[in-house]
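J.: My structure is below; once you've seen it, I'll send some questions.
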Amino acid sequence: MKVSDLAGLIGASVDGNAEVEISGIGKIEDAGPGEITFLANPKYQKYFDTTKASAVIVSENFKSKRSDLTLLRAKDPYVAFVFALKTMIPPPEPLSAGVNPVAYISPKAVLGKDVRIGAFVCILDNARIADGVKISHSSVIGEDVEIGENSLIYPNVTVYQGCKIGKNVTIHSGTVIGSDGFGFAPQKDGTYEKIPQLGIVVIEDNVEIGSNCSIDRATLGETRICRGVKLDNLIQIAHNVVVGENTVIAAQSGIAGSSKIGKNCVVAGQVAIVGHLEIADNTTIAGKTGVSKSIKEPGKIFFGIPAKEMREARRIEGAMRMLPKIIEEFTELQHKIEKLTSKE
Amino acid sequence: MKVSDLAGLIGASVDGNAEVEISGIGKIEDAGPGEITFLANPKYQKYFDTTKASAVIVSENFKSKRSDLTLLRAKDPYVAFVFALKTMIPPPEPLSAGVNPVAYISPKAVLGKDVRIGAFVCILDNARIADGVKISHSSVIGEDVEIGENSLIYPNVTVYQGCKIGKNVTIHSGTVIGSDGFGFAPQKDGTYEKIPQLGIVVIEDNVEIGSNCSIDRATLGETRICRGVKLDNLIQIAHNVVVGENTVIAAQSGIAGSSKIGKNCVVAGQVAIVGHLEIADNTTIAGKTGVSKSIKEPGKIFFGIPAKEMREARRIEGAMRMLPKIIEEFTELQHKIEKLTSKE
Amino acid sequence: MKVSDLAGLIGASVDGNAEVEISGIGKIEDAGPGEITFLANPKYQKYFDTTKASAVIVSENFKSKRSDLTLLRAKDPYVAFVFALKTMIPPPEPLSAGVNPVAYISPKAVLGKDVRIGAFVCILDNARIADGVKISHSSVIGEDVEIGENSLIYPNVTVYQGCKIGKNVTIHSGTVIGSDGFGFAPQKDGTYEKIPQLGIVVIEDNVEIGSNCSIDRATLGETRICRGVKLDNLIQIAHNVVVGENTVIAAQSGIAGSSKIGKNCVVAGQVAIVGHLEIADNTTIAGKTGVSKSIKEPGKIFFGIPAKEMREARRIEGAMRMLPKIIEEFTELQHKIEKLTSKE
């Protein structure tokens, strides 16, 4: 592959001979002629000076003394290198071609072209699986479920009846889409009566969902994960929640019922957002925060239990660390005043 | 269906013509003659004045100017409407009738009448599945497990050897019942020796358990989820825990080993309760709270890490928000006193 | 079994007649001749005085007035009793012998001797399963996965392509090994491009992993769970994390990307450790703590969000509880000074 072609694929610009042929990939200390490598960490600078590689992925501002090397300048050289690696040595397909003979597929299900289905997969009545979809081993696709083109379901996933999954969606193992929302009406005798959960979950295009997440169906209507959302592992999305476009949520966070999260938000790990709130677009919520009120102004950063704007949270945290000493000084001051006033 | 019959089924009282026939259901802005609708949110009041529906579910104190409409008065009109919807348009059965031919059922297992078993279900030696039980696709029911009448197990659930599940229990996908308790004895060389986990899990009647929960078996004896308990998703119940009758626990909460939670408690999301505690009946624990001491007095509300009574937690939170300013004022005051005393 | 043989097996020392034959086990109030029992809780002392058991497991310093009884002195009598129980009444095997005929095993997979495989297990191309391994029902073992001797995989586990599992490892149900790390590069239009996750997960010997854990594969290289680590349930281990030898982590904790946890650490439940940190050996992290900075000195205890040394965290917590009262006193003092200074 010509280095200029690779640069195009990984989003880097070429500095030097763009015609060099690249046939392999290696670490900066080992790479030889015809190979590409990368330099991200300044600790490895010394290897740059002596590397025998033909091309090196470097940061955009990197200053080189070697005119013999072709440089590929990228915003994040490590990430660009990972893309280069994937291009040069494609990872194995997550599922081999065809429909495994030991899958259970309802005769009423509709399968598109080039669909791959693993062993012990269940696809139930009236499910509609679009072209190019891959459903890996032991996953269960409920009645009336729709899955859009080129989506990828890893093993041991469960999608309950009626849920809709868009195109180019990836769902990792153990995740459950469409389990009942947690709705129970308290009775006079202390017991609870289940409120039927009659809605569905809609997952739009280009969403990726990690492993062991739980996304509950709506009571009525939809729980909706909008286009481009990325969810990490072990995340709880309750009934009737909406997660806005391109929002990312890190592991072990939970969103309670009916809350609406805006677009392009960043929610860190182990965050809780209580029910029936609205979170503005471009909000950042730091790890372990508990959000108990709607956030109306977009673009702010929150932290704490309950959540405060980061600046205020930091000021309070700083004050708290001073507090034991302040209390000592205060007690001293009280005594001093005591003396002062008794003197009079 | 006569409106009076429907009212009985959804727990509402009829105000107006109880003989009206209802054959459908709709939104308040769309519903026509013969249909029932609901009004829960005051924003929709305007539609009430013009709706062509034959009956409307309203709150108990709702004041109507329309004598032509039959009103169904309910405590929570939205919930009553959901029940009406379920009655008028029953949701699909979670599992079709019969035993799927590609299930693996030990010849030593005992199955009751009208049992439904999905594809790729495993039912192992000496398991006893009572009448009317539904076990959905790819779930694994271990040796000697008992499941009581009319219980419903969703896909990809695992029940380990020897656990007992009562009647009318619902367990959602990905949940694991009876994995080993987390017990390891530290050795002198820094390694740990596993303490055998020889007990079981007992789940009493009318319990509902969400998706991706982990309920560990006891070291000896039982981990017990009492009658009527409702657990949300991604909940951790450790070995030898007892959760008392009709207690509800929201998503991502965890109860550590041997703690006993009382009856009719409400535990919000992402709560942690440390091991070997007792929590009194009717206790409410707010979200993200960390309970590190037993709670002896029933009926109180707790919040914070570590947990404090809500009133105290609020007072401290308020004080903390004032703290940065107080510290400033305090420093000023110190200077003032300094001057005052140096003057003398 | 001779009582001296049993004592050897459970790590207790014999005080009294070491030749007594033990044929059964019972509670201290019920046990009869030929049976062994235990006394751990002082509340049961009264039963000790009258028990008809032939031998009693007691603590190392227990003072007995009964010379007719053989005592087995153990550090933790309860734990010793559990081991005795397991020895006297072995629990059922977690999986019956042989390869279940309804498993799906690639002809390119390599299986060792005495391997047990449950129903609906998938073992994919080039997986290598060593002697004595047990893989229970509906688990999925990806391409090129290696599993070392005598490891035990419970039902409904997923191990993704290429991951390596050592000897004597136990993995409980619902756990996912090797799902993609959460890596996405933000694009100018607000969308994210997935960073390929090309590494693997390595789980060393003697590790136990609870149910419904998620352990992500590395971006490049490895996510590594070192020898002797014990993980509870619902734990998140992100890409490129290393958990050091003999570290134990309790339920619902999460370690973010690239962090390195030392050896022999104890991490309690619902802890979060942010990415790219190093945690020194022998560190203890209390429940619900959020660790946001590296911990360099070994052997310390941390608590709080953000984490502080336990002593400091306690001092601040104490001060916070005093704070509302201090603020009242402070306001009084301000008034007093006001008067004092205005008098002048």
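Ordered as shown in the structure tokens, chains take letters A, B, and onward, while each chain numbers its residues from 1 and ligands are numbered from 1 in the order shown.
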Using only C-alpha atoms, find each residue in chain C having at least one atom no more than 6 Å away from chain A; report its shortest atom-to-atom pair and that distance in Å (one decimal), rows by chain then rising number, as CSV.

T.:
```
residue,atom,partner,partner_atom,distance
C:Phe182,CA,A:Asp232,CA,5.9
C:Thr191,CA,A:Asn246,CA,5.6
C:Ala319,CA,A:Pro324,CA,5.6
```

J.: Applying 12 Å and only C-alpha atoms, which residues near C:Leu6 remain after dropping the ones on its own chain fewer than 3 positions away? List them as a PDB file with N, CA, C and O atoms, in the first residue's frame.

T.:
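As written to disk, result.pdb reads:
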```
ATOM      1  N   MET C   1     -14.435 -40.996  59.174  1.00  0.00           N
ATOM      2  CA  MET C   1     -13.177 -40.244  59.111  1.00  0.00           C
ATOM      3  C   MET C   1     -12.692 -39.928  60.529  1.00  0.00           C
ATOM      4  O   MET C   1     -13.474 -39.519  61.392  1.00  0.00           O
ATOM      5  N   LYS C   2     -11.385 -40.115  60.720  1.00  0.00           N
ATOM      6  CA  LYS C   2     -10.829 -39.788  62.025  1.00  0.00           C
ATOM      7  C   LYS C   2     -10.819 -38.260  62.200  1.00  0.00           C
ATOM      8  O   LYS C   2     -10.542 -37.539  61.243  1.00  0.00           O
ATOM      9  N   VAL C   3     -11.079 -37.793  63.400  1.00  0.00           N
ATOM     10  CA  VAL C   3     -11.156 -36.346  63.615  1.00  0.00           C
ATOM     11  C   VAL C   3      -9.817 -35.667  63.288  1.00  0.00           C
ATOM     12  O   VAL C   3      -9.793 -34.520  62.821  1.00  0.00           O
ATOM     13  N   LEU C   9      -7.517 -31.453  57.073  1.00  0.00           N
ATOM     14  CA  LEU C   9      -8.144 -30.943  55.850  1.00  0.00           C
ATOM     15  C   LEU C   9      -8.696 -29.524  56.010  1.00  0.00           C
ATOM     16  O   LEU C   9      -8.798 -28.775  55.042  1.00  0.00           O
ATOM     17  N   ILE C  10      -9.101 -29.174  57.208  1.00  0.00           N
ATOM     18  CA  ILE C  10      -9.733 -27.857  57.397  1.00  0.00           C
ATOM     19  C   ILE C  10      -8.795 -26.872  58.092  1.00  0.00           C
ATOM     20  O   ILE C  10      -9.187 -25.763  58.433  1.00  0.00           O
ATOM     21  N   GLY C  11      -7.574 -27.291  58.339  1.00  0.00           N
ATOM     22  CA  GLY C  11      -6.578 -26.387  58.921  1.00  0.00           C
ATOM     23  C   GLY C  11      -6.817 -26.071  60.390  1.00  0.00           C
ATOM     24  O   GLY C  11      -6.585 -24.944  60.834  1.00  0.00           O
ATOM     25  N   ALA C  12      -7.282 -27.066  61.152  1.00  0.00           N
ATOM     26  CA  ALA C  12      -7.514 -26.859  62.584  1.00  0.00           C
ATOM     27  C   ALA C  12      -6.552 -27.755  63.374  1.00  0.00           C
ATOM     28  O   ALA C  12      -6.006 -28.726  62.840  1.00  0.00           O
ATOM     29  N   SER C  13      -6.322 -27.404  64.654  1.00  0.00           N
ATOM     30  CA  SER C  13      -5.482 -28.262  65.495  1.00  0.00           C
ATOM     31  C   SER C  13      -6.389 -29.003  66.481  1.00  0.00           C
ATOM     32  O   SER C  13      -7.409 -28.478  66.918  1.00  0.00           O
ATOM     33  N   VAL C  14      -6.002 -30.242  66.826  1.00  0.00           N
ATOM     34  CA  VAL C  14      -6.849 -31.087  67.675  1.00  0.00           C
ATOM     35  C   VAL C  14      -6.492 -30.894  69.145  1.00  0.00           C
ATOM     36  O   VAL C  14      -5.321 -30.911  69.508  1.00  0.00           O
ATOM     37  N   ALA C  18      -7.762 -37.468  69.435  1.00  0.00           N
ATOM     38  CA  ALA C  18      -7.639 -37.279  67.990  1.00  0.00           C
ATOM     39  C   ALA C  18      -8.118 -38.497  67.216  1.00  0.00           C
ATOM     40  O   ALA C  18      -8.179 -38.481  65.992  1.00  0.00           O
ATOM     41  N   GLU C  19      -8.473 -39.570  67.934  1.00  0.00           N
ATOM     42  CA  GLU C  19      -8.836 -40.842  67.289  1.00  0.00           C
ATOM     43  C   GLU C  19     -10.341 -40.967  67.053  1.00  0.00           C
ATOM     44  O   GLU C  19     -10.794 -41.890  66.393  1.00  0.00           O
ATOM     45  N   VAL C  20     -11.109 -40.047  67.606  1.00  0.00           N
ATOM     46  CA  VAL C  20     -12.579 -40.114  67.477  1.00  0.00           C
ATOM     47  C   VAL C  20     -12.974 -40.209  66.003  1.00  0.00           C
ATOM     48  O   VAL C  20     -12.416 -39.520  65.161  1.00  0.00           O
ATOM     49  N   GLU C  21     -13.938 -41.084  65.706  1.00  0.00           N
ATOM     50  CA  GLU C  21     -14.449 -41.234  64.336  1.00  0.00           C
ATOM     51  C   GLU C  21     -15.615 -40.263  64.116  1.00  0.00           C
ATOM     52  O   GLU C  21     -16.539 -40.205  64.944  1.00  0.00           O
ATOM     53  N   ILE C  22     -15.558 -39.535  63.028  1.00  0.00           N
ATOM     54  CA  ILE C  22     -16.624 -38.586  62.690  1.00  0.00           C
ATOM     55  C   ILE C  22     -17.342 -39.101  61.447  1.00  0.00           C
ATOM     56  O   ILE C  22     -16.719 -39.387  60.427  1.00  0.00           O
ATOM     57  N   SER C  23     -18.671 -39.213  61.540  1.00  0.00           N
ATOM     58  CA  SER C  23     -19.429 -39.728  60.390  1.00  0.00           C
ATOM     59  C   SER C  23     -20.528 -38.755  59.947  1.00  0.00           C
ATOM     60  O   SER C  23     -21.234 -39.013  58.987  1.00  0.00           O
ATOM     61  N   GLY C  24     -20.643 -37.641  60.646  1.00  0.00           N
ATOM     62  CA  GLY C  24     -21.704 -36.702  60.257  1.00  0.00           C
ATOM     63  C   GLY C  24     -21.437 -35.325  60.820  1.00  0.00           C
ATOM     64  O   GLY C  24     -20.440 -35.077  61.494  1.00  0.00           O
ATOM     65  N   ILE C  25     -22.359 -34.421  60.549  1.00  0.00           N
ATOM     66  CA  ILE C  25     -22.167 -33.009  60.860  1.00  0.00           C
ATOM     67  C   ILE C  25     -23.523 -32.436  61.276  1.00  0.00           C
ATOM     68  O   ILE C  25     -24.567 -32.915  60.825  1.00  0.00           O
ATOM     69  N   GLU C  35     -20.884 -37.108  65.516  1.00  0.00           N
ATOM     70  CA  GLU C  35     -21.007 -35.913  64.676  1.00  0.00           C
ATOM     71  C   GLU C  35     -20.085 -34.791  65.149  1.00  0.00           C
ATOM     72  O   GLU C  35     -19.715 -34.718  66.313  1.00  0.00           O
ATOM     73  N   ILE C  36     -19.756 -33.908  64.207  1.00  0.00           N
ATOM     74  CA  ILE C  36     -18.956 -32.730  64.537  1.00  0.00           C
ATOM     75  C   ILE C  36     -19.842 -31.489  64.377  1.00  0.00           C
ATOM     76  O   ILE C  36     -20.764 -31.465  63.553  1.00  0.00           O
ATOM     77  N   ALA C  55     -17.311 -33.942  68.549  1.00  0.00           N
ATOM     78  CA  ALA C  55     -16.232 -32.955  68.357  1.00  0.00           C
ATOM     79  C   ALA C  55     -16.847 -31.598  68.033  1.00  0.00           C
ATOM     80  O   ALA C  55     -17.925 -31.523  67.446  1.00  0.00           O
ATOM     81  N   VAL C  56     -16.157 -30.543  68.481  1.00  0.00           N
ATOM     82  CA  VAL C  56     -16.649 -29.184  68.241  1.00  0.00           C
ATOM     83  C   VAL C  56     -15.488 -28.331  67.713  1.00  0.00           C
ATOM     84  O   VAL C  56     -14.395 -28.345  68.284  1.00  0.00           O
ATOM     85  N   ILE C  57     -15.780 -27.614  66.614  1.00  0.00           N
ATOM     86  CA  ILE C  57     -14.790 -26.655  66.105  1.00  0.00           C
ATOM     87  C   ILE C  57     -14.970 -25.357  66.879  1.00  0.00           C
ATOM     88  O   ILE C  57     -16.081 -24.809  66.931  1.00  0.00           O
ATOM     89  N   LEU C  71     -11.931 -31.019  70.825  1.00  0.00           N
ATOM     90  CA  LEU C  71     -12.044 -29.683  70.222  1.00  0.00           C
ATOM     91  C   LEU C  71     -11.124 -29.577  69.011  1.00  0.00           C
ATOM     92  O   LEU C  71      -9.993 -30.091  69.036  1.00  0.00           O
ATOM     93  N   LEU C  72     -11.632 -28.931  67.959  1.00  0.00           N
ATOM     94  CA  LEU C  72     -10.785 -28.566  66.813  1.00  0.00           C
ATOM     95  C   LEU C  72     -10.653 -27.059  66.849  1.00  0.00           C
ATOM     96  O   LEU C  72     -11.621 -26.330  66.644  1.00  0.00           O
ATOM     97  N   ARG C  73      -9.448 -26.610  67.142  1.00  0.00           N
ATOM     98  CA  ARG C  73      -9.224 -25.166  67.283  1.00  0.00           C
ATOM     99  C   ARG C  73      -8.849 -24.568  65.921  1.00  0.00           C
ATOM    100  O   ARG C  73      -7.918 -25.031  65.268  1.00  0.00           O
ATOM    101  N   ALA C  80     -14.007 -22.804  59.168  1.00  0.00           N
ATOM    102  CA  ALA C  80     -13.515 -24.178  59.299  1.00  0.00           C
ATOM    103  C   ALA C  80     -14.683 -25.160  59.201  1.00  0.00           C
ATOM    104  O   ALA C  80     -14.570 -26.224  58.591  1.00  0.00           O
ATOM    105  N   PHE C  81     -15.813 -24.786  59.790  1.00  0.00           N
ATOM    106  CA  PHE C  81     -16.998 -25.650  59.729  1.00  0.00           C
ATOM    107  C   PHE C  81     -17.499 -25.795  58.285  1.00  0.00           C
ATOM    108  O   PHE C  81     -17.883 -26.889  57.862  1.00  0.00           O
ATOM    109  N   PHE C  83     -15.713 -25.629  55.594  1.00  0.00           N
ATOM    110  CA  PHE C  83     -14.803 -26.568  54.927  1.00  0.00           C
ATOM    111  C   PHE C  83     -15.092 -28.014  55.364  1.00  0.00           C
ATOM    112  O   PHE C  83     -15.073 -28.935  54.548  1.00  0.00           O
ATOM    113  N   ALA C  84     -15.386 -28.193  56.672  1.00  0.00           N
ATOM    114  CA  ALA C  84     -15.700 -29.545  57.166  1.00  0.00           C
ATOM    115  C   ALA C  84     -16.956 -30.068  56.469  1.00  0.00           C
ATOM    116  O   ALA C  84     -17.019 -31.234  56.055  1.00  0.00           O
ATOM    117  N   LEU C  85     -17.928 -29.192  56.321  1.00  0.00           N
ATOM    118  CA  LEU C  85     -19.186 -29.573  55.677  1.00  0.00           C
ATOM    119  C   LEU C  85     -18.932 -30.014  54.242  1.00  0.00           C
ATOM    120  O   LEU C  85     -19.454 -31.035  53.783  1.00  0.00           O
ATOM    121  N   LYS C  86     -18.124 -29.246  53.543  1.00  0.00           N
ATOM    122  CA  LYS C  86     -17.825 -29.581  52.153  1.00  0.00           C
ATOM    123  C   LYS C  86     -17.095 -30.930  52.071  1.00  0.00           C
ATOM    124  O   LYS C  86     -17.291 -31.702  51.132  1.00  0.00           O
ATOM    125  N   THR C  87     -16.240 -31.196  53.055  1.00  0.00           N
ATOM    126  CA  THR C  87     -15.494 -32.458  53.069  1.00  0.00           C
ATOM    127  C   THR C  87     -16.433 -33.635  53.363  1.00  0.00           C
ATOM    128  O   THR C  87     -16.361 -34.677  52.712  1.00  0.00           O
ATOM    129  N   MET C  88     -17.333 -33.454  54.338  1.00  0.00           N
ATOM    130  CA  MET C  88     -18.225 -34.542  54.753  1.00  0.00           C
ATOM    131  C   MET C  88     -19.341 -34.776  53.727  1.00  0.00           C
ATOM    132  O   MET C  88     -19.711 -35.919  53.465  1.00  0.00           O
TER     133      MET C  88
END
```

J.: Enumerate the residues of stretch 190-268 of chain C with a DSSP assignment of strand (DSSP E), computed from the backbone, and present them as a PyMOL selection string.

T.: chain C and resi 192-194+200-203+208-209+214-216+222-225+230-231+236-237+242-243+248-249+254-255+260-261+266-267

J.: Deliver the residues from the most recent selection as a file, using N, CA and C atoms, as a short mmCIF file (atom, residue, chain, number, x, y, z; two decimals), in the first residue's frame.

T.:
```
data_model
loop_
_atom_site.label_atom_id
_atom_site.label_comp_id
_atom_site.auth_asym_id
_atom_site.auth_seq_id
_atom_site.Cartn_x
_atom_site.Cartn_y
_atom_site.Cartn_z
N TYR C 192 -18.76 10.33 16.71
CA TYR C 192 -17.57 9.65 17.19
C TYR C 192 -17.19 8.54 16.23
N GLU C 193 -15.90 8.39 15.99
CA GLU C 193 -15.45 7.25 15.21
C GLU C 193 -14.86 6.22 16.16
N LYS C 194 -15.25 4.97 15.96
CA LYS C 194 -14.78 3.90 16.83
C LYS C 194 -13.28 3.68 16.64
N ILE C 200 -6.35 -8.05 23.62
CA ILE C 200 -7.06 -9.18 24.22
C ILE C 200 -7.20 -8.97 25.72
N VAL C 201 -7.83 -9.94 26.39
CA VAL C 201 -7.85 -10.02 27.85
C VAL C 201 -7.05 -11.26 28.24
N VAL C 202 -6.17 -11.10 29.22
CA VAL C 202 -5.46 -12.25 29.79
C VAL C 202 -5.89 -12.41 31.24
N ILE C 203 -6.35 -13.60 31.58
CA ILE C 203 -6.72 -13.90 32.96
C ILE C 203 -5.77 -14.98 33.45
N GLU C 208 -10.80 -15.88 40.36
CA GLU C 208 -12.24 -16.14 40.34
C GLU C 208 -12.97 -14.84 40.01
N ILE C 209 -13.91 -14.95 39.08
CA ILE C 209 -14.67 -13.79 38.61
C ILE C 209 -16.15 -14.08 38.83
N SER C 214 -18.00 -7.31 33.41
CA SER C 214 -17.58 -6.96 32.06
C SER C 214 -16.09 -6.64 32.08
N ILE C 215 -15.30 -7.40 31.34
CA ILE C 215 -13.86 -7.15 31.27
C ILE C 215 -13.50 -6.93 29.82
N ASP C 216 -13.17 -5.69 29.50
CA ASP C 216 -12.96 -5.31 28.10
C ASP C 216 -11.58 -5.67 27.60
N GLU C 222 -2.83 -5.94 26.09
CA GLU C 222 -3.66 -6.76 26.96
C GLU C 222 -4.33 -5.97 28.08
N THR C 223 -5.50 -6.39 28.43
CA THR C 223 -6.08 -6.14 29.74
C THR C 223 -5.71 -7.36 30.56
N ARG C 224 -5.16 -7.18 31.75
CA ARG C 224 -4.62 -8.35 32.47
C ARG C 224 -5.14 -8.44 33.91
N ILE C 225 -5.69 -9.60 34.23
CA ILE C 225 -6.13 -9.90 35.60
C ILE C 225 -5.13 -10.91 36.13
N LYS C 230 -9.48 -11.95 42.91
CA LYS C 230 -10.86 -12.36 43.12
C LYS C 230 -11.77 -11.16 42.84
N LEU C 231 -12.65 -11.33 41.88
CA LEU C 231 -13.62 -10.27 41.54
C LEU C 231 -15.01 -10.74 41.92
N GLN C 236 -16.79 -3.72 36.49
CA GLN C 236 -16.34 -3.20 35.19
C GLN C 236 -14.83 -3.09 35.20
N ILE C 237 -14.18 -3.75 34.27
CA ILE C 237 -12.74 -3.60 34.08
C ILE C 237 -12.55 -3.13 32.64
N VAL C 242 -4.66 -3.27 34.37
CA VAL C 242 -3.98 -4.41 34.99
C VAL C 242 -4.42 -4.47 36.45
N VAL C 243 -4.92 -5.61 36.88
CA VAL C 243 -5.24 -5.81 38.30
C VAL C 243 -4.19 -6.77 38.85
N VAL C 248 -8.38 -8.17 45.66
CA VAL C 248 -9.80 -8.52 45.66
C VAL C 248 -10.63 -7.26 45.45
N ILE C 249 -11.66 -7.40 44.65
CA ILE C 249 -12.52 -6.25 44.32
C ILE C 249 -13.96 -6.66 44.56
N GLY C 254 -15.70 -0.30 39.53
CA GLY C 254 -15.27 -0.15 38.15
C GLY C 254 -13.89 0.48 38.07
N ILE C 255 -13.07 -0.03 37.17
CA ILE C 255 -11.72 0.50 36.96
C ILE C 255 -11.67 1.02 35.53
N LYS C 260 -3.55 0.84 36.53
CA LYS C 260 -2.81 -0.33 37.02
C LYS C 260 -3.01 -0.43 38.52
N ILE C 261 -3.69 -1.48 38.94
CA ILE C 261 -3.95 -1.70 40.37
C ILE C 261 -2.85 -2.63 40.88
N VAL C 266 -7.24 -4.29 48.45
CA VAL C 266 -8.62 -4.63 48.77
C VAL C 266 -9.48 -3.46 48.33
N VAL C 267 -10.31 -3.68 47.34
CA VAL C 267 -11.20 -2.64 46.83
C VAL C 267 -12.62 -3.04 47.20
#
```

J.: Mind giving me the straight-line distance from atom CA of A:Thr284 to atom CA of C:Ser179 in Å, one decimal?

T.: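 Going from atom CA of A:Thr284 over to atom CA of C:Ser179, I get 25.4 Å.
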
J.: What's around A:Gly142 at 9 Å? Count only C-alpha atoms, leave out sequence neighbours fewer than 5 positions away in its own chain, and write the answer as an MDAnalysis selection string.

T.: (chainID A and resid 122:127 158:163) or (chainID B and resid 94)

J.: Save out the residues we just selected, N, CA and C atoms, as a CSV table (one decimal), in the first residue's frame.

T.:
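Below is the file part.csv, written as the result:
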```csv
chain,number,residue,atom,x,y,z
A,122,CYS,N,-31.8,-17.5,18.6
A,122,CYS,CA,-33.3,-17.6,18.4
A,122,CYS,C,-33.8,-16.4,17.7
A,123,ILE,N,-34.5,-16.5,16.6
A,123,ILE,CA,-35.1,-15.4,16.0
A,123,ILE,C,-36.6,-15.7,15.9
A,124,LEU,N,-37.4,-14.9,16.5
A,124,LEU,CA,-38.8,-15.3,16.7
A,124,LEU,C,-39.7,-14.7,15.7
A,125,ASP,N,-41.0,-15.0,15.8
A,125,ASP,CA,-42.0,-14.7,14.8
A,125,ASP,C,-41.9,-13.2,14.4
A,126,ASN,N,-42.0,-13.0,13.1
A,126,ASN,CA,-42.1,-11.7,12.5
A,126,ASN,C,-40.9,-10.7,12.8
A,127,ALA,N,-39.9,-11.3,13.3
A,127,ALA,CA,-38.7,-10.4,13.4
A,127,ALA,C,-38.2,-10.1,12.0
A,158,THR,N,-30.0,-10.3,24.6
A,158,THR,CA,-31.5,-10.5,24.5
A,158,THR,C,-32.2,-9.2,24.0
A,159,VAL,N,-32.9,-9.3,23.0
A,159,VAL,CA,-33.8,-8.2,22.5
A,159,VAL,C,-35.2,-8.6,22.7
A,160,TYR,N,-36.0,-8.0,23.5
A,160,TYR,CA,-37.4,-8.3,23.8
A,160,TYR,C,-38.3,-7.9,22.6
A,161,GLN,N,-39.4,-8.5,22.6
A,161,GLN,CA,-40.5,-8.4,21.6
A,161,GLN,C,-40.7,-6.9,21.2
A,162,GLY,N,-40.7,-6.7,19.9
A,162,GLY,CA,-41.2,-5.4,19.4
A,162,GLY,C,-40.2,-4.3,19.4
A,163,CYS,N,-38.9,-4.4,19.9
A,163,CYS,CA,-38.0,-3.4,19.9
A,163,CYS,C,-37.4,-3.1,18.5
B,94,PRO,N,-45.3,-13.7,26.3
B,94,PRO,CA,-43.9,-13.6,26.2
B,94,PRO,C,-43.3,-15.0,25.7
```

J.: Could you state the separation of atom CA of B:Lys65 and atom CA of B:Thr51 in Å, given to one decimal place?

T.: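 Separation between atom CA of B:Lys65 and atom CA of B:Thr51: 12.5 Å.
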